[in-house]
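Enquirer: What follows is run_1.cif, mmCIF, N, CA and C atoms.
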```
data_model
#
loop_
_atom_site.label_atom_id
_atom_site.label_comp_id
_atom_site.auth_asym_id
_atom_site.auth_seq_id
_atom_site.Cartn_x
_atom_site.Cartn_y
_atom_site.Cartn_z
N MET X 1 3.72 57.71 -53.23
CA MET X 1 4.22 57.60 -51.87
C MET X 1 4.19 56.14 -51.40
N ARG X 2 3.13 55.44 -51.73
CA ARG X 2 3.00 54.04 -51.34
C ARG X 2 4.12 53.21 -51.96
N ARG X 3 4.43 53.49 -53.21
CA ARG X 3 5.48 52.77 -53.90
C ARG X 3 6.84 53.03 -53.25
N VAL X 4 7.09 54.23 -52.83
CA VAL X 4 8.35 54.58 -52.15
C VAL X 4 8.45 53.81 -50.83
N CYS X 5 7.37 53.77 -50.07
CA CYS X 5 7.37 53.05 -48.79
C CYS X 5 7.63 51.56 -49.00
N LEU X 6 6.98 50.98 -49.98
CA LEU X 6 7.20 49.56 -50.26
C LEU X 6 8.64 49.29 -50.69
N ASN X 7 9.20 50.16 -51.52
CA ASN X 7 10.58 50.00 -51.94
C ASN X 7 11.54 50.10 -50.76
N VAL X 8 11.26 50.99 -49.83
CA VAL X 8 12.10 51.12 -48.63
C VAL X 8 12.03 49.84 -47.80
N VAL X 9 10.83 49.30 -47.62
CA VAL X 9 10.67 48.06 -46.86
C VAL X 9 11.42 46.92 -47.56
N PHE X 10 11.26 46.78 -48.86
CA PHE X 10 11.94 45.72 -49.60
C PHE X 10 13.46 45.88 -49.51
N LEU X 11 13.95 47.09 -49.66
CA LEU X 11 15.39 47.32 -49.55
C LEU X 11 15.90 46.98 -48.16
N PHE X 12 15.13 47.31 -47.14
CA PHE X 12 15.53 46.99 -45.78
C PHE X 12 15.64 45.48 -45.58
N VAL X 13 14.63 44.74 -46.04
CA VAL X 13 14.64 43.28 -45.89
C VAL X 13 15.83 42.68 -46.64
N ILE X 14 16.07 43.13 -47.84
CA ILE X 14 17.19 42.61 -48.63
C ILE X 14 18.52 42.97 -47.98
N ALA X 15 18.67 44.19 -47.51
CA ALA X 15 19.91 44.62 -46.88
C ALA X 15 20.15 43.87 -45.56
N ALA X 16 19.11 43.69 -44.75
CA ALA X 16 19.26 42.97 -43.49
C ALA X 16 19.63 41.51 -43.74
N SER X 17 19.01 40.90 -44.73
CA SER X 17 19.35 39.51 -45.07
C SER X 17 20.78 39.42 -45.58
N ALA X 18 21.18 40.34 -46.44
CA ALA X 18 22.54 40.34 -46.97
C ALA X 18 23.56 40.54 -45.85
N PHE X 19 23.25 41.40 -44.89
CA PHE X 19 24.16 41.62 -43.76
C PHE X 19 24.34 40.32 -42.97
N ASP X 20 23.24 39.63 -42.65
CA ASP X 20 23.34 38.39 -41.88
C ASP X 20 24.11 37.32 -42.64
N ILE X 21 23.94 37.26 -43.94
CA ILE X 21 24.66 36.28 -44.74
C ILE X 21 26.15 36.61 -44.75
N ALA X 22 26.49 37.88 -44.98
CA ALA X 22 27.89 38.30 -45.06
C ALA X 22 28.58 38.21 -43.69
N ALA X 23 27.87 38.56 -42.62
CA ALA X 23 28.46 38.55 -41.28
C ALA X 23 28.35 37.19 -40.60
N ASP X 24 27.67 36.24 -41.22
CA ASP X 24 27.45 34.90 -40.66
C ASP X 24 26.82 35.01 -39.27
N GLN X 25 25.76 35.81 -39.20
CA GLN X 25 25.02 36.00 -37.96
C GLN X 25 23.57 35.63 -38.17
N GLU X 26 22.84 35.57 -37.05
CA GLU X 26 21.42 35.24 -37.13
C GLU X 26 20.61 36.30 -36.40
N HIS X 27 19.79 37.00 -37.12
CA HIS X 27 18.82 37.95 -36.58
C HIS X 27 17.51 37.65 -37.27
N TRP X 28 16.75 36.72 -36.68
CA TRP X 28 15.51 36.29 -37.30
C TRP X 28 14.64 37.48 -37.65
N PRO X 29 14.01 37.54 -38.78
CA PRO X 29 13.87 36.56 -39.84
C PRO X 29 14.89 36.73 -40.96
N PHE X 30 15.96 37.45 -40.69
CA PHE X 30 16.94 37.73 -41.73
C PHE X 30 18.10 36.75 -41.73
N SER X 31 17.96 35.66 -41.04
CA SER X 31 19.01 34.67 -40.87
C SER X 31 19.40 34.02 -42.19
N GLN X 32 20.63 33.51 -42.21
CA GLN X 32 21.07 32.73 -43.36
C GLN X 32 20.66 31.27 -43.20
N TYR X 33 19.94 30.94 -42.11
CA TYR X 33 19.43 29.60 -41.85
C TYR X 33 20.54 28.56 -41.97
N PRO X 34 21.43 28.50 -40.97
CA PRO X 34 22.62 27.66 -41.07
C PRO X 34 22.31 26.17 -41.24
N MET X 35 21.15 25.72 -40.83
CA MET X 35 20.81 24.31 -41.02
C MET X 35 20.85 23.93 -42.50
N PHE X 36 20.54 24.89 -43.34
CA PHE X 36 20.45 24.63 -44.76
C PHE X 36 21.58 25.28 -45.56
N SER X 37 22.58 25.87 -44.86
CA SER X 37 23.57 26.64 -45.60
C SER X 37 24.89 25.91 -45.80
N GLY X 38 24.93 24.63 -45.55
CA GLY X 38 26.18 23.92 -45.75
C GLY X 38 25.93 22.52 -46.26
N VAL X 39 27.01 21.89 -46.64
CA VAL X 39 26.94 20.52 -47.12
C VAL X 39 27.44 19.61 -46.00
N TRP X 40 26.66 18.57 -45.71
CA TRP X 40 27.04 17.63 -44.66
C TRP X 40 28.08 16.67 -45.22
N THR X 41 29.28 16.66 -44.62
CA THR X 41 30.34 15.82 -45.15
C THR X 41 30.79 14.74 -44.17
N SER X 42 30.41 14.86 -42.92
CA SER X 42 30.85 13.87 -41.93
C SER X 42 30.07 12.57 -42.09
N PRO X 43 30.75 11.44 -41.96
CA PRO X 43 30.04 10.15 -42.05
C PRO X 43 29.36 9.76 -40.73
N THR X 44 29.56 10.59 -39.70
CA THR X 44 28.95 10.28 -38.40
C THR X 44 28.15 11.47 -37.89
N PHE X 45 27.29 11.18 -36.91
CA PHE X 45 26.46 12.20 -36.28
C PHE X 45 26.54 11.98 -34.77
N MET X 46 26.80 13.05 -34.01
CA MET X 46 26.87 12.95 -32.55
C MET X 46 25.77 13.80 -31.92
N TRP X 47 25.25 13.31 -30.81
CA TRP X 47 24.15 13.99 -30.13
C TRP X 47 24.20 13.64 -28.65
N LEU X 48 23.94 14.61 -27.78
CA LEU X 48 23.86 14.33 -26.35
C LEU X 48 22.45 13.87 -26.02
N ARG X 49 22.33 12.89 -25.14
CA ARG X 49 21.01 12.40 -24.76
C ARG X 49 21.01 12.05 -23.27
N LEU X 50 19.91 12.42 -22.62
CA LEU X 50 19.69 12.07 -21.22
C LEU X 50 19.04 10.70 -21.13
N PHE X 51 19.43 9.93 -20.11
CA PHE X 51 18.83 8.64 -19.82
C PHE X 51 18.42 8.60 -18.37
N GLY X 52 17.21 8.12 -18.12
CA GLY X 52 16.77 7.88 -16.76
C GLY X 52 17.18 6.48 -16.37
N VAL X 53 17.45 6.29 -15.07
CA VAL X 53 17.83 4.98 -14.56
C VAL X 53 16.81 4.58 -13.50
N THR X 54 16.18 3.43 -13.69
CA THR X 54 15.17 2.95 -12.74
C THR X 54 15.86 2.25 -11.57
N ALA X 55 15.08 1.92 -10.54
CA ALA X 55 15.62 1.28 -9.33
C ALA X 55 16.29 -0.06 -9.65
N ASP X 56 15.84 -0.75 -10.69
CA ASP X 56 16.44 -2.04 -11.04
C ASP X 56 17.63 -1.88 -12.00
N GLY X 57 18.07 -0.64 -12.25
CA GLY X 57 19.25 -0.39 -13.07
C GLY X 57 18.99 -0.27 -14.55
N ARG X 58 17.75 -0.38 -14.97
CA ARG X 58 17.41 -0.27 -16.40
C ARG X 58 17.50 1.19 -16.84
N GLU X 59 18.13 1.43 -17.99
CA GLU X 59 18.22 2.77 -18.57
C GLU X 59 17.18 2.94 -19.67
N PHE X 60 16.63 4.15 -19.76
CA PHE X 60 15.75 4.47 -20.89
C PHE X 60 16.00 5.91 -21.29
N ALA X 61 15.92 6.17 -22.58
CA ALA X 61 16.21 7.50 -23.11
C ALA X 61 15.07 8.46 -22.80
N LEU X 62 15.43 9.64 -22.35
CA LEU X 62 14.45 10.72 -22.17
C LEU X 62 14.40 11.48 -23.50
N ASP X 63 13.81 10.84 -24.50
CA ASP X 63 13.85 11.37 -25.86
C ASP X 63 12.54 11.98 -26.31
N ALA X 64 11.67 12.32 -25.37
CA ALA X 64 10.41 13.00 -25.71
C ALA X 64 10.34 14.30 -24.91
N ASN X 65 9.77 15.31 -25.52
CA ASN X 65 9.68 16.62 -24.86
C ASN X 65 8.93 16.56 -23.54
N ARG X 66 7.95 15.67 -23.43
CA ARG X 66 7.14 15.62 -22.21
C ARG X 66 7.98 15.26 -20.98
N TYR X 67 9.13 14.60 -21.15
CA TYR X 67 9.98 14.24 -20.02
C TYR X 67 10.74 15.44 -19.45
N VAL X 68 11.00 16.43 -20.27
CA VAL X 68 11.86 17.54 -19.85
C VAL X 68 11.23 18.91 -20.08
N ALA X 69 9.91 18.95 -20.29
CA ALA X 69 9.23 20.23 -20.54
C ALA X 69 9.56 21.22 -19.43
N PRO X 70 9.76 22.46 -19.71
CA PRO X 70 9.50 23.20 -20.96
C PRO X 70 10.66 23.12 -21.94
N PHE X 71 11.69 22.34 -21.63
CA PHE X 71 12.79 22.16 -22.59
C PHE X 71 12.30 21.25 -23.71
N ASP X 72 13.06 21.21 -24.80
CA ASP X 72 12.67 20.32 -25.89
C ASP X 72 13.91 19.64 -26.46
N GLN X 73 13.67 18.61 -27.23
CA GLN X 73 14.74 17.75 -27.73
C GLN X 73 15.60 18.41 -28.81
N SER X 74 15.19 19.55 -29.31
CA SER X 74 16.03 20.22 -30.30
C SER X 74 16.99 21.22 -29.65
N ARG X 75 16.60 21.79 -28.52
CA ARG X 75 17.45 22.81 -27.89
C ARG X 75 18.24 22.30 -26.69
N LEU X 76 17.66 21.40 -25.91
CA LEU X 76 18.34 20.93 -24.70
C LEU X 76 19.68 20.26 -25.00
N PRO X 77 19.77 19.33 -25.95
CA PRO X 77 21.08 18.73 -26.22
C PRO X 77 22.12 19.76 -26.68
N LYS X 78 21.69 20.76 -27.42
CA LYS X 78 22.63 21.80 -27.87
C LYS X 78 23.13 22.61 -26.68
N ALA X 79 22.23 22.94 -25.75
CA ALA X 79 22.63 23.69 -24.55
C ALA X 79 23.58 22.86 -23.70
N LEU X 80 23.28 21.58 -23.53
CA LEU X 80 24.16 20.70 -22.77
C LEU X 80 25.51 20.56 -23.45
N LYS X 81 25.53 20.51 -24.77
CA LYS X 81 26.80 20.40 -25.52
C LYS X 81 27.66 21.64 -25.30
N ARG X 82 27.02 22.83 -25.28
CA ARG X 82 27.77 24.06 -25.00
C ARG X 82 28.37 24.01 -23.60
N MET X 83 27.60 23.47 -22.65
CA MET X 83 28.13 23.34 -21.28
C MET X 83 29.30 22.37 -21.23
N VAL X 84 29.17 21.22 -21.87
CA VAL X 84 30.21 20.21 -21.86
C VAL X 84 31.48 20.74 -22.50
N ASP X 85 31.36 21.50 -23.58
CA ASP X 85 32.51 22.03 -24.30
C ASP X 85 33.16 23.23 -23.63
N ASP X 86 32.47 23.85 -22.70
CA ASP X 86 32.97 25.03 -21.99
C ASP X 86 34.12 24.62 -21.05
N PRO X 87 35.14 25.47 -20.89
CA PRO X 87 36.24 25.13 -19.96
C PRO X 87 35.75 24.88 -18.53
N HIS X 88 34.68 25.53 -18.11
CA HIS X 88 34.10 25.32 -16.78
C HIS X 88 32.84 24.47 -16.87
N GLY X 89 32.73 23.71 -17.94
CA GLY X 89 31.52 22.98 -18.24
C GLY X 89 31.14 21.92 -17.23
N ASP X 90 32.14 21.29 -16.60
CA ASP X 90 31.83 20.23 -15.65
C ASP X 90 30.94 20.76 -14.53
N ALA X 91 31.27 21.91 -14.00
CA ALA X 91 30.46 22.51 -12.92
C ALA X 91 29.08 22.88 -13.44
N ARG X 92 29.01 23.37 -14.64
CA ARG X 92 27.71 23.77 -15.20
C ARG X 92 26.82 22.55 -15.42
N VAL X 93 27.40 21.46 -15.92
CA VAL X 93 26.63 20.23 -16.14
C VAL X 93 26.17 19.67 -14.80
N ARG X 94 27.03 19.72 -13.80
CA ARG X 94 26.68 19.21 -12.47
C ARG X 94 25.59 20.05 -11.81
N THR X 95 25.41 21.28 -12.27
CA THR X 95 24.31 22.12 -11.79
C THR X 95 23.03 21.83 -12.58
N ALA X 96 23.16 21.62 -13.87
CA ALA X 96 22.00 21.42 -14.73
C ALA X 96 21.33 20.07 -14.52
N LEU X 97 22.11 19.01 -14.36
CA LEU X 97 21.53 17.67 -14.27
C LEU X 97 20.60 17.48 -13.07
N PRO X 98 20.95 17.96 -11.87
CA PRO X 98 19.97 17.83 -10.77
C PRO X 98 18.66 18.56 -11.04
N ASP X 99 18.75 19.70 -11.72
CA ASP X 99 17.54 20.44 -12.07
C ASP X 99 16.70 19.64 -13.07
N LEU X 100 17.34 19.00 -14.04
CA LEU X 100 16.62 18.18 -15.00
C LEU X 100 16.02 16.94 -14.34
N PHE X 101 16.74 16.36 -13.39
CA PHE X 101 16.22 15.22 -12.63
C PHE X 101 14.96 15.64 -11.88
N ALA X 102 15.04 16.77 -11.18
CA ALA X 102 13.89 17.27 -10.42
C ALA X 102 12.72 17.59 -11.35
N ARG X 103 13.01 18.15 -12.51
CA ARG X 103 11.95 18.48 -13.46
C ARG X 103 11.25 17.22 -13.96
N TYR X 104 12.02 16.19 -14.27
CA TYR X 104 11.44 14.92 -14.71
C TYR X 104 10.48 14.39 -13.65
N GLU X 105 10.92 14.37 -12.40
CA GLU X 105 10.09 13.83 -11.32
C GLU X 105 8.85 14.69 -11.07
N GLN X 106 8.99 16.02 -11.14
CA GLN X 106 7.82 16.90 -10.98
C GLN X 106 6.77 16.61 -12.05
N LEU X 107 7.22 16.47 -13.29
CA LEU X 107 6.30 16.19 -14.39
C LEU X 107 5.67 14.80 -14.25
N ARG X 108 6.43 13.84 -13.75
CA ARG X 108 5.89 12.49 -13.56
C ARG X 108 4.81 12.50 -12.48
N ARG X 109 5.09 13.18 -11.36
CA ARG X 109 4.11 13.24 -10.27
C ARG X 109 2.86 14.01 -10.67
N ALA X 110 3.01 14.94 -11.61
CA ALA X 110 1.86 15.72 -12.10
C ALA X 110 1.14 15.00 -13.24
N ASP X 111 1.54 13.78 -13.56
CA ASP X 111 0.94 12.97 -14.63
C ASP X 111 1.05 13.61 -16.01
N VAL X 112 2.12 14.38 -16.23
CA VAL X 112 2.37 14.95 -17.55
C VAL X 112 2.93 13.87 -18.48
N HIS X 113 3.66 12.91 -17.90
CA HIS X 113 4.16 11.78 -18.68
C HIS X 113 4.00 10.51 -17.84
N ASP X 114 4.14 9.38 -18.50
CA ASP X 114 3.95 8.10 -17.82
C ASP X 114 5.27 7.36 -17.60
N GLY X 115 6.36 8.10 -17.54
CA GLY X 115 7.66 7.48 -17.31
C GLY X 115 7.75 6.92 -15.89
N PRO X 116 8.62 5.94 -15.70
CA PRO X 116 8.77 5.33 -14.38
C PRO X 116 9.56 6.24 -13.43
N PRO X 117 9.45 6.01 -12.12
CA PRO X 117 10.31 6.74 -11.18
C PRO X 117 11.77 6.42 -11.48
N ILE X 118 12.62 7.39 -11.33
CA ILE X 118 14.04 7.16 -11.60
C ILE X 118 14.87 7.42 -10.34
N VAL X 119 16.00 6.74 -10.27
CA VAL X 119 16.92 6.92 -9.15
C VAL X 119 18.18 7.66 -9.57
N ALA X 120 18.39 7.81 -10.88
CA ALA X 120 19.56 8.52 -11.40
C ALA X 120 19.24 9.06 -12.79
N LEU X 121 20.02 10.06 -13.16
CA LEU X 121 19.92 10.64 -14.50
C LEU X 121 21.32 10.64 -15.07
N ARG X 122 21.48 10.10 -16.28
CA ARG X 122 22.79 10.02 -16.92
C ARG X 122 22.79 10.78 -18.23
N LEU X 123 23.93 11.37 -18.52
CA LEU X 123 24.13 12.08 -19.78
C LEU X 123 25.19 11.34 -20.57
N TYR X 124 24.84 11.01 -21.82
CA TYR X 124 25.75 10.33 -22.74
C TYR X 124 25.89 11.15 -24.00
N GLU X 125 27.06 11.01 -24.65
CA GLU X 125 27.23 11.48 -26.01
C GLU X 125 27.12 10.25 -26.90
N LEU X 126 26.14 10.26 -27.79
CA LEU X 126 25.90 9.14 -28.70
C LEU X 126 26.44 9.49 -30.08
N GLU X 127 26.96 8.49 -30.77
CA GLU X 127 27.47 8.70 -32.12
C GLU X 127 26.94 7.61 -33.04
N TRP X 128 26.44 8.02 -34.16
CA TRP X 128 25.91 7.11 -35.18
C TRP X 128 26.71 7.27 -36.46
N THR X 129 26.89 6.17 -37.19
CA THR X 129 27.33 6.24 -38.57
C THR X 129 26.07 6.54 -39.37
N ILE X 130 26.14 7.51 -40.22
CA ILE X 130 24.95 7.96 -40.95
C ILE X 130 24.51 6.88 -41.93
N ASP X 131 23.25 6.52 -41.81
CA ASP X 131 22.62 5.53 -42.68
C ASP X 131 21.50 6.25 -43.41
N ARG X 132 21.53 6.26 -44.72
CA ARG X 132 20.54 7.03 -45.50
C ARG X 132 19.11 6.62 -45.20
N ASN X 133 18.88 5.39 -44.72
CA ASN X 133 17.53 4.93 -44.39
C ASN X 133 17.23 5.03 -42.90
N ALA X 134 18.18 5.53 -42.11
CA ALA X 134 18.05 5.67 -40.66
C ALA X 134 17.72 4.34 -40.00
N ALA X 135 18.23 3.26 -40.55
CA ALA X 135 17.96 1.93 -40.00
C ALA X 135 18.61 1.73 -38.64
N ASN X 136 19.63 2.53 -38.32
CA ASN X 136 20.34 2.39 -37.05
C ASN X 136 19.97 3.46 -36.03
N VAL X 137 18.84 4.11 -36.21
CA VAL X 137 18.46 5.23 -35.36
C VAL X 137 18.40 4.84 -33.88
N ASP X 138 18.03 3.61 -33.57
CA ASP X 138 17.94 3.16 -32.19
C ASP X 138 19.20 2.46 -31.71
N ARG X 139 20.22 2.40 -32.54
CA ARG X 139 21.45 1.69 -32.20
C ARG X 139 22.67 2.55 -32.52
N PRO X 140 23.04 3.45 -31.62
CA PRO X 140 24.24 4.25 -31.89
C PRO X 140 25.48 3.36 -31.90
N ASN X 141 26.49 3.78 -32.65
CA ASN X 141 27.74 3.03 -32.73
C ASN X 141 28.59 3.20 -31.47
N ARG X 142 28.40 4.33 -30.79
CA ARG X 142 29.23 4.63 -29.62
C ARG X 142 28.40 5.37 -28.58
N ARG X 143 28.65 5.04 -27.31
CA ARG X 143 28.03 5.75 -26.18
C ARG X 143 29.14 6.17 -25.24
N LEU X 144 29.34 7.48 -25.12
CA LEU X 144 30.36 8.01 -24.23
C LEU X 144 29.68 8.59 -23.00
N PHE X 145 29.97 8.03 -21.82
CA PHE X 145 29.39 8.51 -20.57
C PHE X 145 29.97 9.88 -20.25
N ILE X 146 29.07 10.85 -19.94
CA ILE X 146 29.52 12.20 -19.59
C ILE X 146 29.37 12.44 -18.09
N ALA X 147 28.17 12.21 -17.56
CA ALA X 147 27.92 12.51 -16.14
C ALA X 147 26.70 11.76 -15.65
N GLU X 148 26.61 11.67 -14.33
CA GLU X 148 25.44 11.05 -13.68
C GLU X 148 25.10 11.85 -12.44
N VAL X 149 23.82 11.93 -12.15
CA VAL X 149 23.37 12.58 -10.92
C VAL X 149 22.37 11.68 -10.23
N ARG X 150 22.49 11.61 -8.90
CA ARG X 150 21.53 10.90 -8.06
C ARG X 150 21.09 11.87 -6.98
N PRO X 151 19.82 11.78 -6.58
CA PRO X 151 19.35 12.73 -5.55
C PRO X 151 19.99 12.46 -4.19
#
```
If you took the structure in this file and wrote it as structure tokens, what would it be?
Expert:
Amino acid sequence: MRRVCLNVVFLFVIAASAFDIAADQEHWPFSQYPMFSGVWTSPTFMWLRLFGVTADGREFALDANRYVAPFDQSRLPKALKRMVDDPHGDARVRTALPDLFARYEQLRRADVHDGPPIVALRLYELEWTIDRNAANVDRPNRRLFIAEVRP
């Protein structure tokens, strides 16, 4: 009986994984893990990034999770990208950015991070030419302005 139960469990796991692979869907833990399921062929990489603007006009990247908690740097840019690409995305981005600005300031006042006070929040699409040694990680080739919010 134990062997039959184990075989049923194994068959279920294999069938669920095969379904996700064939249907190109993700139902954790049966996912096809798309990060690892393709070959990277593009010579460039694009990513959305938030920048805070200080009173003297200096920009700095909000590239640490502590600036935007409970959001994180792996999911927030993807969510913002979906908003930007949406036909009604402009309105959605204009709703999200003030919330992110307020969140940054709340966390700063609560001493969760040591970032400076900001007067504006900007969203850019950054593009890098892929360098195998990541020597250009701090120097994107292109910065496309998407939106700005001020309180």
Enquirer: By how many Å are atom C of Ala16 in chain X and CA of Phe30 in chain X apart?
Expert: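 For atom C of Ala16 in chain X relative to CA of Phe30 in chain X, the distance reads 5.1 Å.
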Enquirer: Contacts of His113 in chain X at 10 Å or less, counting only C-alpha atoms, minus same-chain residues fewer than 2 places along, as number ranges by chain?
Expert: X: 64-68, 104-111, 115-116
Enquirer: Might you pull out every residue within 8 Å of Asp63 in chain X, with only N, CA and C atoms counted and same-chain residues fewer than 6 positions away left off, and present them as number ranges by chain?
Expert: X: 49-52, 72-73
Enquirer: Taking the file as shown, find all residues satisfying the PyMOL selection byres ((chain X and resi 118) around 6.5) and write them as a list in words.
Expert: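 So the PyMOL selection byres ((chain X and resi 118) around 6.5), applied here, picks out Gly52, Val53, Thr54, Ala55, Pro116, Pro117, Val119, Ala120 and Leu121 of chain X.
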Enquirer: Restricting the calculation to only C-alpha atoms, which member of X:Leu76, X:Val93, X:Val13, X:Ala135 is positioned closest to Leu62 in chain X?
Expert: X:Leu76
Enquirer: Report as an mmCIF file with N, CA and C atoms, keeping the file's coordinate frame: the residues of chain X with a DSSP assignment of strand (DSSP E or B), based on the backbone of this structure.
Expert:
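Printed below is states.cif as written:
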```cif
data_model
loop_
_atom_site.group_PDB
_atom_site.id
_atom_site.type_symbol
_atom_site.label_atom_id
_atom_site.label_comp_id
_atom_site.auth_asym_id
_atom_site.auth_seq_id
_atom_site.Cartn_x
_atom_site.Cartn_y
_atom_site.Cartn_z
ATOM 1 N N THR X 44 29.560 10.590 -39.700
ATOM 2 C CA THR X 44 28.950 10.280 -38.400
ATOM 3 C C THR X 44 28.150 11.470 -37.890
ATOM 4 N N PHE X 45 27.290 11.180 -36.910
ATOM 5 C CA PHE X 45 26.460 12.200 -36.280
ATOM 6 C C PHE X 45 26.540 11.980 -34.770
ATOM 7 N N MET X 46 26.800 13.050 -34.010
ATOM 8 C CA MET X 46 26.870 12.950 -32.550
ATOM 9 C C MET X 46 25.770 13.800 -31.920
ATOM 10 N N TRP X 47 25.250 13.310 -30.810
ATOM 11 C CA TRP X 47 24.150 13.990 -30.130
ATOM 12 C C TRP X 47 24.200 13.640 -28.650
ATOM 13 N N LEU X 48 23.940 14.610 -27.780
ATOM 14 C CA LEU X 48 23.860 14.330 -26.350
ATOM 15 C C LEU X 48 22.450 13.870 -26.020
ATOM 16 N N ARG X 49 22.330 12.890 -25.140
ATOM 17 C CA ARG X 49 21.010 12.400 -24.760
ATOM 18 C C ARG X 49 21.010 12.050 -23.270
ATOM 19 N N LEU X 50 19.910 12.420 -22.620
ATOM 20 C CA LEU X 50 19.690 12.070 -21.220
ATOM 21 C C LEU X 50 19.040 10.700 -21.130
ATOM 22 N N PHE X 51 19.430 9.930 -20.110
ATOM 23 C CA PHE X 51 18.830 8.640 -19.820
ATOM 24 C C PHE X 51 18.420 8.600 -18.370
ATOM 25 N N GLY X 52 17.210 8.120 -18.120
ATOM 26 C CA GLY X 52 16.770 7.880 -16.760
ATOM 27 C C GLY X 52 17.180 6.480 -16.370
ATOM 28 N N VAL X 53 17.450 6.290 -15.070
ATOM 29 C CA VAL X 53 17.830 4.980 -14.560
ATOM 30 C C VAL X 53 16.810 4.580 -13.500
ATOM 31 N N GLU X 59 18.130 1.430 -17.990
ATOM 32 C CA GLU X 59 18.220 2.770 -18.570
ATOM 33 C C GLU X 59 17.180 2.940 -19.670
ATOM 34 N N PHE X 60 16.630 4.150 -19.760
ATOM 35 C CA PHE X 60 15.750 4.470 -20.890
ATOM 36 C C PHE X 60 16.000 5.910 -21.290
ATOM 37 N N ALA X 61 15.920 6.170 -22.580
ATOM 38 C CA ALA X 61 16.210 7.500 -23.110
ATOM 39 C C ALA X 61 15.070 8.460 -22.800
ATOM 40 N N ALA X 120 18.390 7.810 -10.880
ATOM 41 C CA ALA X 120 19.560 8.520 -11.400
ATOM 42 C C ALA X 120 19.240 9.060 -12.790
ATOM 43 N N LEU X 121 20.020 10.060 -13.160
ATOM 44 C CA LEU X 121 19.920 10.640 -14.500
ATOM 45 C C LEU X 121 21.320 10.640 -15.070
ATOM 46 N N ARG X 122 21.480 10.100 -16.280
ATOM 47 C CA ARG X 122 22.790 10.020 -16.920
ATOM 48 C C ARG X 122 22.790 10.780 -18.230
ATOM 49 N N LEU X 123 23.930 11.370 -18.520
ATOM 50 C CA LEU X 123 24.130 12.080 -19.780
ATOM 51 C C LEU X 123 25.190 11.340 -20.570
ATOM 52 N N TYR X 124 24.840 11.010 -21.820
ATOM 53 C CA TYR X 124 25.750 10.330 -22.740
ATOM 54 C C TYR X 124 25.890 11.150 -24.000
ATOM 55 N N GLU X 125 27.060 11.010 -24.650
ATOM 56 C CA GLU X 125 27.230 11.480 -26.010
ATOM 57 C C GLU X 125 27.120 10.250 -26.900
ATOM 58 N N LEU X 126 26.140 10.260 -27.790
ATOM 59 C CA LEU X 126 25.900 9.140 -28.700
ATOM 60 C C LEU X 126 26.440 9.490 -30.080
ATOM 61 N N GLU X 127 26.960 8.490 -30.770
ATOM 62 C CA GLU X 127 27.470 8.700 -32.120
ATOM 63 C C GLU X 127 26.940 7.610 -33.040
ATOM 64 N N TRP X 128 26.440 8.020 -34.160
ATOM 65 C CA TRP X 128 25.910 7.110 -35.180
ATOM 66 C C TRP X 128 26.710 7.270 -36.460
ATOM 67 N N THR X 129 26.890 6.170 -37.190
ATOM 68 C CA THR X 129 27.330 6.240 -38.570
ATOM 69 C C THR X 129 26.070 6.540 -39.370
ATOM 70 N N ARG X 142 28.400 4.330 -30.790
ATOM 71 C CA ARG X 142 29.230 4.630 -29.620
ATOM 72 C C ARG X 142 28.400 5.370 -28.580
ATOM 73 N N ARG X 143 28.650 5.040 -27.310
ATOM 74 C CA ARG X 143 28.030 5.750 -26.180
ATOM 75 C C ARG X 143 29.140 6.170 -25.240
ATOM 76 N N LEU X 144 29.340 7.480 -25.120
ATOM 77 C CA LEU X 144 30.360 8.010 -24.230
ATOM 78 C C LEU X 144 29.680 8.590 -23.000
ATOM 79 N N PHE X 145 29.970 8.030 -21.820
ATOM 80 C CA PHE X 145 29.390 8.510 -20.570
ATOM 81 C C PHE X 145 29.970 9.880 -20.250
ATOM 82 N N ILE X 146 29.070 10.850 -19.940
ATOM 83 C CA ILE X 146 29.520 12.200 -19.590
ATOM 84 C C ILE X 146 29.370 12.440 -18.090
ATOM 85 N N ALA X 147 28.170 12.210 -17.560
ATOM 86 C CA ALA X 147 27.920 12.510 -16.140
ATOM 87 C C ALA X 147 26.700 11.760 -15.650
ATOM 88 N N GLU X 148 26.610 11.670 -14.330
ATOM 89 C CA GLU X 148 25.440 11.050 -13.680
ATOM 90 C C GLU X 148 25.100 11.850 -12.440
ATOM 91 N N VAL X 149 23.820 11.930 -12.150
ATOM 92 C CA VAL X 149 23.370 12.580 -10.920
ATOM 93 C C VAL X 149 22.370 11.680 -10.230
#
```
Enquirer: Calculated over only C-alpha atoms, which of the candidates X:Pro98, X:Gly57, X:Pro29, X:Pro43 has the smallest distance to Ser17 in chain X?
Expert: X:Pro29
Enquirer: Could you tell me, as number ranges by chain, which residues of range 27-134 of chain X DSSP assigns to alpha helix (DSSP H) when given the backbone?
Expert: X: 65-68, 76-85, 89-109
Enquirer: Looking at only C-alpha atoms, which of X:His27, X:Asn133, X:Trp128, X:Ile146 is the one that sits closest to Asp90 in chain X?
Expert: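 Smallest separation from Asp90 in chain X among the options: X:Ile146.
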Enquirer: Name the residues that the PyMOL selection byres ((chain X and resi 126) around 6) pulls out of this structure, and write them as a list in words.
Expert: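 Selected by the PyMOL selection byres ((chain X and resi 126) around 6) in this file: Phe45, Met46, Trp47, Leu48, Arg49, Tyr124, Glu125, Glu127, Trp128, Pro140, Arg142, Arg143 and Leu144 of chain X.
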Enquirer: Between CA of Pro70 in chain X and CA of Val112 in chain X, what is the spacing in Å?
Expert: 11.4 Å
Enquirer: So the first atom is CA of Arg75 in chain X and the second is atom C of Glu26 in chain X; what is the distance between them in Å, to one decimal place?
Expert: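 Between these atoms lies a distance of 16.3 Å.
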Enquirer: Counting only N, CA and C atoms, figure out which residue out of X:Leu11, X:Cys5, X:Ala61, X:Leu123 gets nearest to Leu97 in chain X.
Expert: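 Under the stated criterion, the closest residue is X:Leu123.
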Enquirer: Between X:Ile21, X:Val149, X:Ala15, X:Val137, which one has atoms that come closest to Leu100 in chain X, using only C-alpha atoms?
Expert: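 Of X:Ile21, X:Val149, X:Ala15, X:Val137, the one nearest Leu100 in chain X, counting only C-alpha atoms, is X:Val149.
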